[in-house]
file final-v2.cif (mmCIF, C-alpha atoms and all ligand atoms)
data_data
loop_
_atom_site.label_atom_id
_atom_site.label_comp_id
_atom_site.auth_asym_id
_atom_site.auth_seq_id
_atom_site.Cartn_x
_atom_site.Cartn_y
_atom_site.Cartn_z
CA MET A 1 58.36 108.27 62.87
CA PRO A 2 59.69 111.02 60.63
CA ALA A 3 62.02 113.59 62.17
CA TRP A 4 60.67 117.06 62.90
CA GLN A 5 60.05 119.08 59.75
CA GLU A 6 58.76 122.58 60.23
CA ALA A 7 57.28 122.77 56.73
CA ARG A 8 55.30 119.57 57.29
CA ALA A 9 54.12 120.81 60.69
CA ARG A 10 52.93 124.08 59.13
CA GLN A 11 51.07 122.09 56.49
CA ILE A 12 49.29 120.03 59.19
CA ILE A 13 48.37 123.15 61.12
CA GLU A 14 47.03 124.82 57.98
CA THR A 15 44.94 121.75 57.13
CA HIS A 16 43.16 121.81 60.50
CA ARG A 17 43.15 125.43 61.62
CA THR A 18 39.51 125.97 60.60
CA ASP A 19 38.28 122.71 62.17
CA ASP A 20 36.07 122.87 65.28
CA GLY A 21 38.30 122.88 68.36
CA PRO A 22 41.40 123.21 66.20
CA THR A 23 43.99 123.12 68.99
CA LEU A 24 43.32 119.54 70.03
CA VAL A 25 42.86 118.37 66.44
CA ILE A 26 46.16 119.94 65.38
CA LEU A 27 48.09 118.63 68.38
CA GLN A 28 46.74 115.12 67.77
CA ALA A 29 47.71 115.31 64.10
CA LEU A 30 51.20 116.58 64.97
CA GLN A 31 51.71 113.75 67.46
CA ARG A 32 50.52 111.18 64.89
CA GLU A 33 53.04 112.58 62.42
CA PHE A 34 56.09 113.11 64.67
CA GLY A 35 55.35 110.88 67.68
CA PHE A 36 55.40 113.68 70.25
CA ILE A 37 54.73 117.39 70.74
CA SER A 38 58.03 119.22 70.62
CA GLU A 39 58.65 122.75 71.85
CA GLU A 40 58.89 123.82 68.20
CA ALA A 41 55.40 122.41 67.65
CA VAL A 42 54.03 124.28 70.66
CA VAL A 43 55.42 127.55 69.30
CA LEU A 44 53.97 127.00 65.82
CA VAL A 45 50.53 126.05 67.16
CA ALA A 46 50.44 129.01 69.53
CA ASP A 47 51.38 131.44 66.75
CA ALA A 48 48.94 129.95 64.25
CA LEU A 49 45.96 129.96 66.63
CA ASN A 50 46.82 133.23 68.38
CA LEU A 51 47.27 131.48 71.73
CA THR A 52 50.02 131.87 74.28
CA ARG A 53 52.61 129.14 74.58
CA ALA A 54 51.40 128.62 78.15
CA GLU A 55 47.90 127.90 76.86
CA VAL A 56 49.19 125.28 74.43
CA HIS A 57 51.46 123.79 77.12
CA GLY A 58 48.43 123.61 79.40
CA ILE A 59 46.49 121.56 76.86
CA VAL A 60 49.44 119.25 76.15
CA SER A 61 50.00 118.56 79.84
CA PHE A 62 46.29 118.14 80.63
CA TYR A 63 45.75 115.30 78.17
CA HIS A 64 47.68 112.17 79.09
CA ASP A 65 47.89 111.02 75.49
CA PHE A 66 50.24 113.81 74.48
CA ARG A 67 53.94 113.07 74.76
CA ARG A 68 56.59 115.75 75.25
CA GLU A 69 59.41 113.44 74.20
CA PRO A 70 59.73 110.63 71.68
CA ALA A 71 58.43 107.29 72.97
CA GLY A 72 60.56 104.19 73.31
CA ARG A 73 60.38 101.37 70.78
CA HIS A 74 57.50 99.85 72.78
CA VAL A 75 54.76 101.61 74.76
CA LEU A 76 53.22 99.98 77.82
CA LYS A 77 50.07 101.66 79.13
CA LEU A 78 48.87 100.41 82.50
CA CYS A 79 45.29 101.12 83.52
CA ARG A 80 45.08 103.42 86.53
CA ALA A 81 41.29 103.59 86.82
CA GLU A 82 39.24 102.35 89.75
CA ALA A 83 38.18 98.86 88.68
CA CYS A 84 41.74 97.88 87.82
CA GLN A 85 43.00 99.44 91.04
CA SER A 86 40.62 97.22 93.00
CA LEU A 87 42.06 94.17 91.22
CA GLY A 88 45.69 94.84 92.05
CA GLY A 89 46.48 97.62 89.61
CA GLU A 90 48.44 99.63 92.16
CA ARG A 91 50.73 96.69 92.96
CA LEU A 92 51.18 95.99 89.26
CA ALA A 93 52.02 99.64 88.55
CA ALA A 94 54.62 99.67 91.33
CA HIS A 95 56.13 96.49 89.95
CA GLY A 96 56.18 97.86 86.38
CA GLN A 97 57.86 101.08 87.48
CA SER A 98 60.42 99.21 89.52
CA ARG A 99 61.13 96.64 86.81
CA LEU A 100 61.57 99.33 84.14
CA GLY A 101 63.25 101.85 86.43
CA VAL A 102 60.99 104.67 85.29
CA SER A 103 57.98 106.59 86.55
CA TRP A 104 54.90 107.55 84.53
CA GLY A 105 55.79 108.95 81.15
CA GLY A 106 59.36 107.72 81.43
CA THR A 107 61.36 105.70 78.93
CA THR A 108 63.92 103.10 79.90
CA ALA A 109 67.56 104.11 79.55
CA ASP A 110 67.98 101.80 76.55
CA GLY A 111 64.98 103.38 74.80
CA SER A 112 63.11 100.09 74.67
CA VAL A 113 59.93 100.81 76.67
CA THR A 114 57.89 103.87 77.59
CA LEU A 115 55.52 103.49 80.54
CA GLU A 116 52.31 105.50 80.50
CA PRO A 117 49.11 105.57 82.53
CA VAL A 118 45.77 105.03 80.87
CA PHE A 119 42.34 105.52 82.41
CA CYS A 120 40.01 102.63 81.61
CA LEU A 121 40.31 100.49 78.52
CA GLY A 122 36.86 98.96 78.80
CA LEU A 123 38.43 95.76 80.15
CA CYS A 124 37.34 96.38 83.73
CA ALA A 125 36.16 92.81 84.37
CA SER A 126 39.58 91.54 83.26
CA GLY A 127 41.75 93.87 85.28
CA PRO A 128 44.40 94.79 85.89
CA ALA A 129 44.43 95.74 82.22
CA ALA A 130 47.02 97.28 79.93
CA LEU A 131 47.94 98.02 76.36
CA LEU A 132 51.31 96.94 75.01
CA ASP A 133 51.96 98.60 71.66
CA GLY A 134 48.19 98.92 71.30
CA ARG A 135 47.51 95.25 72.11
CA PRO A 136 44.94 94.91 74.90
CA LEU A 137 45.95 92.70 77.83
CA GLY A 138 43.93 91.60 80.84
CA ARG A 139 44.38 89.76 84.14
CA LEU A 140 47.96 90.93 84.44
CA ASP A 141 50.15 90.19 87.40
CA ALA A 142 53.82 90.82 88.04
CA GLY A 143 54.94 87.50 86.55
CA ARG A 144 52.95 87.92 83.35
CA LEU A 145 54.09 91.51 82.98
CA ASP A 146 57.71 90.40 83.37
CA ARG A 147 57.28 87.77 80.65
CA LEU A 148 55.73 90.33 78.28
CA LEU A 149 58.56 92.78 78.93
CA ASP A 150 61.12 90.01 78.39
CA GLU A 151 59.49 89.28 75.03
CA VAL A 152 59.64 92.85 73.78
CA ALA A 153 63.20 93.28 75.06
CA SER A 154 64.44 90.26 73.09
S1 LIG B 201 39.25 100.32 84.99
FE1 LIG B 201 40.89 99.36 83.95
S2 LIG B 201 39.98 98.72 82.12
FE2 LIG B 201 38.38 99.77 83.12
#
call {"tool": "encode", "arguments": {"input": "final-v2.cif", "output": "structure tokens", "more": "lines below"}}
Ligand code: FES
result
Amino acid sequence: MPAWQEARARQIIETHRTDDGPTLVILQALQREFGFISEEAVVLVADALNLTRAEVHGIVSFYHDFRREPAGRHVLKLCRAEACQSLGGERLAAHGQSRLGVSWGGTTADGSVTLEPVFCLGLCASGPAALLDGRPLGRLDAGRLDRLLDEVAS
């Protein structure tokens, strides 16, 4: 991911400011470019769209896909929706948090893995489901999750 560049951020905002629903479109584009929504980005978006910073913060915190900090080298998203919960998702989530030593949205101290919740991946029959760096995974249990995390750590 490129480091924050105000000029590039302004260019992205300008490109999308006349789109329908420009706030979400711009925030998504900024996250694609820089990997997260920084405070500098919030300020620029608020100014450009004549919104308060609180309004932009509200949008960023409402949508789980927005990050406020850079992600780790790998991103593990565990499904928190109902079907996966009924198949052991809660136990798996507790194990994942304990194994990584982070809560939702956290990144391990060594920067290797960020843990995020996701709400249904369309893999309900194969729950508990997850995405690891965008790769869909099903029928996870603690042992399989540990092996996957060992792989990405090596
Ligand atoms: S509820 Fe987890 S994939 Fe649908």
call {"tool": "closest_atom_pairs", "arguments": {"input": "final-v2.cif", "of": "chain A", "to": "ligand LIG 201 (chain B)", "cutoff": "8 Å", "atoms": "all atoms listed in the file", "output": "tab-separated table"}}
result
residue	atom	partner	partner_atom	distance
A:Cys79	CA	B:LIG201	FE1	4.8
A:Arg80	CA	B:LIG201	FE1	6.4
A:Ala81	CA	B:LIG201	S1	4.3
A:Glu82	CA	B:LIG201	S1	5.2
A:Ala83	CA	B:LIG201	S1	4.1
A:Cys84	CA	B:LIG201	FE1	4.2
A:Gln85	CA	B:LIG201	S1	7.2
A:Phe119	CA	B:LIG201	FE1	6.5
A:Cys120	CA	B:LIG201	FE2	3.6
A:Leu121	CA	B:LIG201	S2	4.0
A:Gly122	CA	B:LIG201	S2	4.6
A:Leu123	CA	B:LIG201	S2	3.9
A:Cys124	CA	B:LIG201	FE2	3.6
A:Ala125	CA	B:LIG201	S2	7.4
A:Ser126	CA	B:LIG201	S2	7.3
A:Gly127	CA	B:LIG201	FE1	5.7
A:Pro128	CA	B:LIG201	FE1	6.1
A:Ala129	CA	B:LIG201	FE1	5.4
A:Ala130	CA	B:LIG201	S2	7.5
call {"tool": "closest_residue", "arguments": {"input": "final-v2.cif", "among": "A:Ala153, A:Ala46, A:Leu51, A:Val102", "to": "Glu116 of chain A", "atoms": "only C-alpha atoms"}}
result
A:Val102
call {"tool": "atom_distance", "arguments": {"input": "final-v2.cif", "atom1": "atom CA of Glu40 of chain A", "atom2": "atom CA of Ile59 of chain A"}}
result
15.3 Å
call {"tool": "atom_distance", "arguments": {"input": "final-v2.cif", "atom1": "atom CA of Arg144 of chain A", "atom2": "atom CA of Val113 of chain A"}}
result
16.1 Å
call {"tool": "closest_residue", "arguments": {"input": "final-v2.cif", "among": "A:Arg53, A:Val75, A:Gly96, A:Thr114", "to": "Asp133 of chain A", "atoms": "all atoms listed in the file"}}
result
A:Val75
call {"tool": "residues_around", "arguments": {"input": "final-v2.cif", "residues": "Tyr63 of chain A", "least_positions_apart": "5", "cutoff": "12 Å", "atoms": "only C-alpha atoms", "output": "number ranges by chain"}}
result
A: 24, 27-28, 37, 56-58, 68, 117-119
call {"tool": "atom_distance", "arguments": {"input": "final-v2.cif", "atom1": "atom CA of Ser86 of chain A", "atom2": "atom CA of Ala142 of chain A"}}
result
15.5 Å
call {"tool": "residues_near_point", "arguments": {"input": "final-v2.cif", "point": "(48.4, 93.4, 74.1)", "cutoff": "12 Å", "atoms": "only C-alpha atoms", "output": "VMD selection string"}}
result
chain A and resid 74 to 78 121 123 129 to 140 144 to 145 148 to 149 151 to 152
call {"tool": "closest_residue", "arguments": {"input": "final-v2.cif", "among": "A:Val45, A:Glu69, A:Glu39, A:Arg91", "to": "Ile26 of chain A", "atoms": "only C-alpha atoms"}}
result
A:Val45
call {"tool": "decode", "arguments": {"input": "final-v2.cif", "residues": "segment 66-81 of chain A", "atoms": "all heavy atoms", "output": "PDB file, in the first residue's frame"}}
result
ATOM      1  N   PHE A  66     -14.541  -0.585   6.780  1.00  0.00           N
ATOM      2  CA  PHE A  66     -13.562   0.501   6.865  1.00  0.00           C
ATOM      3  C   PHE A  66     -12.607   0.271   8.026  1.00  0.00           C
ATOM      4  O   PHE A  66     -13.019  -0.069   9.131  1.00  0.00           O
ATOM      5  CB  PHE A  66     -14.247   1.857   7.029  1.00  0.00           C
ATOM      6  CG  PHE A  66     -14.970   2.307   5.790  1.00  0.00           C
ATOM      7  CD1 PHE A  66     -16.297   2.660   5.839  1.00  0.00           C
ATOM      8  CD2 PHE A  66     -14.306   2.350   4.572  1.00  0.00           C
ATOM      9  CE1 PHE A  66     -16.969   3.060   4.692  1.00  0.00           C
ATOM     10  CE2 PHE A  66     -14.970   2.751   3.423  1.00  0.00           C
ATOM     11  CZ  PHE A  66     -16.301   3.106   3.476  1.00  0.00           C
ATOM     12  N   ARG A  67     -11.337   0.470   7.749  1.00  0.00           N
ATOM     13  CA  ARG A  67     -10.310   0.347   8.794  1.00  0.00           C
ATOM     14  C   ARG A  67      -9.834   1.726   9.207  1.00  0.00           C
ATOM     15  O   ARG A  67      -9.638   2.584   8.364  1.00  0.00           O
ATOM     16  CB  ARG A  67      -9.081  -0.394   8.265  1.00  0.00           C
ATOM     17  CG  ARG A  67      -9.303  -1.807   7.981  1.00  0.00           C
ATOM     18  CD  ARG A  67      -7.964  -2.521   7.794  1.00  0.00           C
ATOM     19  NE  ARG A  67      -8.255  -3.846   7.346  1.00  0.00           N
ATOM     20  CZ  ARG A  67      -8.250  -4.214   6.076  1.00  0.00           C
ATOM     21  NH1 ARG A  67      -7.888  -3.370   5.142  1.00  0.00           N
ATOM     22  NH2 ARG A  67      -8.578  -5.436   5.747  1.00  0.00           N
ATOM     23  N   ARG A  68      -9.571   1.900  10.488  1.00  0.00           N
ATOM     24  CA  ARG A  68      -9.036   3.179  10.980  1.00  0.00           C
ATOM     25  C   ARG A  68      -7.523   3.130  11.114  1.00  0.00           C
ATOM     26  O   ARG A  68      -6.890   4.140  11.359  1.00  0.00           O
ATOM     27  CB  ARG A  68      -9.668   3.552  12.329  1.00  0.00           C
ATOM     28  CG  ARG A  68     -11.154   3.834  12.289  1.00  0.00           C
ATOM     29  CD  ARG A  68     -11.559   4.865  11.242  1.00  0.00           C
ATOM     30  NE  ARG A  68     -10.685   6.009  11.133  1.00  0.00           N
ATOM     31  CZ  ARG A  68     -10.840   7.152  11.771  1.00  0.00           C
ATOM     32  NH1 ARG A  68     -11.864   7.315  12.548  1.00  0.00           N
ATOM     33  NH2 ARG A  68      -9.992   8.134  11.616  1.00  0.00           N
ATOM     34  N   GLU A  69      -6.968   1.933  10.972  1.00  0.00           N
ATOM     35  CA  GLU A  69      -5.509   1.778  11.069  1.00  0.00           C
ATOM     36  C   GLU A  69      -5.065   0.821   9.987  1.00  0.00           C
ATOM     37  O   GLU A  69      -5.862   0.010   9.519  1.00  0.00           O
ATOM     38  CB  GLU A  69      -5.129   1.201  12.431  1.00  0.00           C
ATOM     39  CG  GLU A  69      -5.424   2.134  13.570  1.00  0.00           C
ATOM     40  CD  GLU A  69      -5.214   1.497  14.925  1.00  0.00           C
ATOM     41  OE1 GLU A  69      -4.788   0.330  14.978  1.00  0.00           O
ATOM     42  OE2 GLU A  69      -5.475   2.184  15.912  1.00  0.00           O
ATOM     43  N   PRO A  70      -3.805   0.853   9.614  1.00  0.00           N
ATOM     44  CA  PRO A  70      -3.337  -0.092   8.595  1.00  0.00           C
ATOM     45  C   PRO A  70      -3.529  -1.530   9.069  1.00  0.00           C
ATOM     46  O   PRO A  70      -3.381  -1.822  10.253  1.00  0.00           O
ATOM     47  CB  PRO A  70      -1.837   0.223   8.466  1.00  0.00           C
ATOM     48  CG  PRO A  70      -1.636   1.536   9.117  1.00  0.00           C
ATOM     49  CD  PRO A  70      -2.748   1.736  10.107  1.00  0.00           C
ATOM     50  N   ALA A  71      -3.871  -2.413   8.141  1.00  0.00           N
ATOM     51  CA  ALA A  71      -4.050  -3.829   8.476  1.00  0.00           C
ATOM     52  C   ALA A  71      -2.693  -4.505   8.605  1.00  0.00           C
ATOM     53  O   ALA A  71      -1.665  -3.987   8.154  1.00  0.00           O
ATOM     54  CB  ALA A  71      -4.863  -4.513   7.389  1.00  0.00           C
ATOM     55  N   GLY A  72      -2.704  -5.677   9.231  1.00  0.00           N
ATOM     56  CA  GLY A  72      -1.496  -6.490   9.283  1.00  0.00           C
ATOM     57  C   GLY A  72      -1.185  -7.071   7.900  1.00  0.00           C
ATOM     58  O   GLY A  72      -1.923  -6.835   6.934  1.00  0.00           O
ATOM     59  N   ARG A  73      -0.127  -7.862   7.851  1.00  0.00           N
ATOM     60  CA  ARG A  73       0.263  -8.447   6.548  1.00  0.00           C
ATOM     61  C   ARG A  73      -0.794  -9.419   6.032  1.00  0.00           C
ATOM     62  O   ARG A  73      -0.912  -9.641   4.839  1.00  0.00           O
ATOM     63  CB  ARG A  73       1.613  -9.154   6.685  1.00  0.00           C
ATOM     64  CG  ARG A  73       2.755  -8.183   6.950  1.00  0.00           C
ATOM     65  CD  ARG A  73       4.100  -8.874   6.938  1.00  0.00           C
ATOM     66  NE  ARG A  73       4.272  -9.826   8.005  1.00  0.00           N
ATOM     67  CZ  ARG A  73       4.513  -9.513   9.287  1.00  0.00           C
ATOM     68  NH1 ARG A  73       4.598  -8.231   9.653  1.00  0.00           N
ATOM     69  NH2 ARG A  73       4.668 -10.441  10.202  1.00  0.00           N
ATOM     70  N   HIS A  74      -1.557 -10.026   6.946  1.00  0.00           N
ATOM     71  CA  HIS A  74      -2.640 -10.938   6.571  1.00  0.00           C
ATOM     72  C   HIS A  74      -3.916 -10.485   7.287  1.00  0.00           C
ATOM     73  O   HIS A  74      -3.846  -9.975   8.412  1.00  0.00           O
ATOM     74  CB  HIS A  74      -2.308 -12.382   6.969  1.00  0.00           C
ATOM     75  CG  HIS A  74      -1.036 -12.866   6.354  1.00  0.00           C
ATOM     76  ND1 HIS A  74      -0.970 -13.308   5.046  1.00  0.00           N
ATOM     77  CD2 HIS A  74       0.216 -12.929   6.846  1.00  0.00           C
ATOM     78  CE1 HIS A  74       0.280 -13.642   4.776  1.00  0.00           C
ATOM     79  NE2 HIS A  74       1.014 -13.420   5.840  1.00  0.00           N
ATOM     80  N   VAL A  75      -5.051 -10.697   6.617  1.00  0.00           N
ATOM     81  CA  VAL A  75      -6.333 -10.316   7.213  1.00  0.00           C
ATOM     82  C   VAL A  75      -7.228 -11.549   7.306  1.00  0.00           C
ATOM     83  O   VAL A  75      -7.527 -12.185   6.291  1.00  0.00           O
ATOM     84  CB  VAL A  75      -7.029  -9.218   6.392  1.00  0.00           C
ATOM     85  CG1 VAL A  75      -8.392  -8.891   6.999  1.00  0.00           C
ATOM     86  CG2 VAL A  75      -6.158  -7.967   6.321  1.00  0.00           C
ATOM     87  N   LEU A  76      -7.600 -11.884   8.533  1.00  0.00           N
ATOM     88  CA  LEU A  76      -8.514 -12.996   8.786  1.00  0.00           C
ATOM     89  C   LEU A  76      -9.871 -12.415   9.149  1.00  0.00           C
ATOM     90  O   LEU A  76      -9.993 -11.652  10.110  1.00  0.00           O
ATOM     91  CB  LEU A  76      -7.999 -13.851   9.947  1.00  0.00           C
ATOM     92  CG  LEU A  76      -8.940 -14.966  10.419  1.00  0.00           C
ATOM     93  CD1 LEU A  76      -9.136 -16.020   9.330  1.00  0.00           C
ATOM     94  CD2 LEU A  76      -8.408 -15.601  11.700  1.00  0.00           C
ATOM     95  N   LYS A  77     -10.892 -12.776   8.363  1.00  0.00           N
ATOM     96  CA  LYS A  77     -12.257 -12.322   8.640  1.00  0.00           C
ATOM     97  C   LYS A  77     -13.079 -13.538   9.018  1.00  0.00           C
ATOM     98  O   LYS A  77     -13.259 -14.435   8.185  1.00  0.00           O
ATOM     99  CB  LYS A  77     -12.867 -11.646   7.407  1.00  0.00           C
ATOM    100  CG  LYS A  77     -12.138 -10.389   6.992  1.00  0.00           C
ATOM    101  CD  LYS A  77     -12.806  -9.732   5.792  1.00  0.00           C
ATOM    102  CE  LYS A  77     -12.019  -8.500   5.394  1.00  0.00           C
ATOM    103  NZ  LYS A  77     -12.897  -7.394   5.034  1.00  0.00           N
ATOM    104  N   LEU A  78     -13.567 -13.558  10.251  1.00  0.00           N
ATOM    105  CA  LEU A  78     -14.390 -14.670  10.713  1.00  0.00           C
ATOM    106  C   LEU A  78     -15.861 -14.276  10.627  1.00  0.00           C
ATOM    107  O   LEU A  78     -16.241 -13.187  11.070  1.00  0.00           O
ATOM    108  CB  LEU A  78     -14.045 -15.022  12.161  1.00  0.00           C
ATOM    109  CG  LEU A  78     -12.644 -15.602  12.415  1.00  0.00           C
ATOM    110  CD1 LEU A  78     -12.446 -15.854  13.912  1.00  0.00           C
ATOM    111  CD2 LEU A  78     -12.440 -16.889  11.631  1.00  0.00           C
ATOM    112  N   CYS A  79     -16.670 -15.194  10.098  1.00  0.00           N
ATOM    113  CA  CYS A  79     -18.097 -14.900   9.938  1.00  0.00           C
ATOM    114  C   CYS A  79     -18.791 -14.890  11.295  1.00  0.00           C
ATOM    115  O   CYS A  79     -18.644 -15.803  12.093  1.00  0.00           O
ATOM    116  CB  CYS A  79     -18.759 -15.920   9.025  1.00  0.00           C
ATOM    117  SG  CYS A  79     -20.513 -15.534   8.802  1.00  0.00           S
ATOM    118  N   ARG A  80     -19.550 -13.819  11.529  1.00  0.00           N
ATOM    119  CA  ARG A  80     -20.248 -13.633  12.800  1.00  0.00           C
ATOM    120  C   ARG A  80     -21.765 -13.739  12.618  1.00  0.00           C
ATOM    121  O   ARG A  80     -22.519 -13.403  13.530  1.00  0.00           O
ATOM    122  CB  ARG A  80     -19.910 -12.244  13.370  1.00  0.00           C
ATOM    123  CG  ARG A  80     -18.440 -11.963  13.488  1.00  0.00           C
ATOM    124  CD  ARG A  80     -17.798 -12.650  14.659  1.00  0.00           C
ATOM    125  NE  ARG A  80     -18.329 -12.118  15.885  1.00  0.00           N
ATOM    126  CZ  ARG A  80     -18.667 -12.869  16.941  1.00  0.00           C
ATOM    127  NH1 ARG A  80     -18.532 -14.166  16.901  1.00  0.00           N
ATOM    128  NH2 ARG A  80     -19.135 -12.316  18.045  1.00  0.00           N
ATOM    129  N   ALA A  81     -22.205 -14.150  11.453  1.00  0.00           N
ATOM    130  CA  ALA A  81     -23.651 -14.202  11.204  1.00  0.00           C
ATOM    131  C   ALA A  81     -24.244 -15.505  11.750  1.00  0.00           C
ATOM    132  O   ALA A  81     -23.527 -16.419  12.154  1.00  0.00           O
ATOM    133  CB  ALA A  81     -23.939 -14.013   9.719  1.00  0.00           C
TER     134      ALA A  81
END
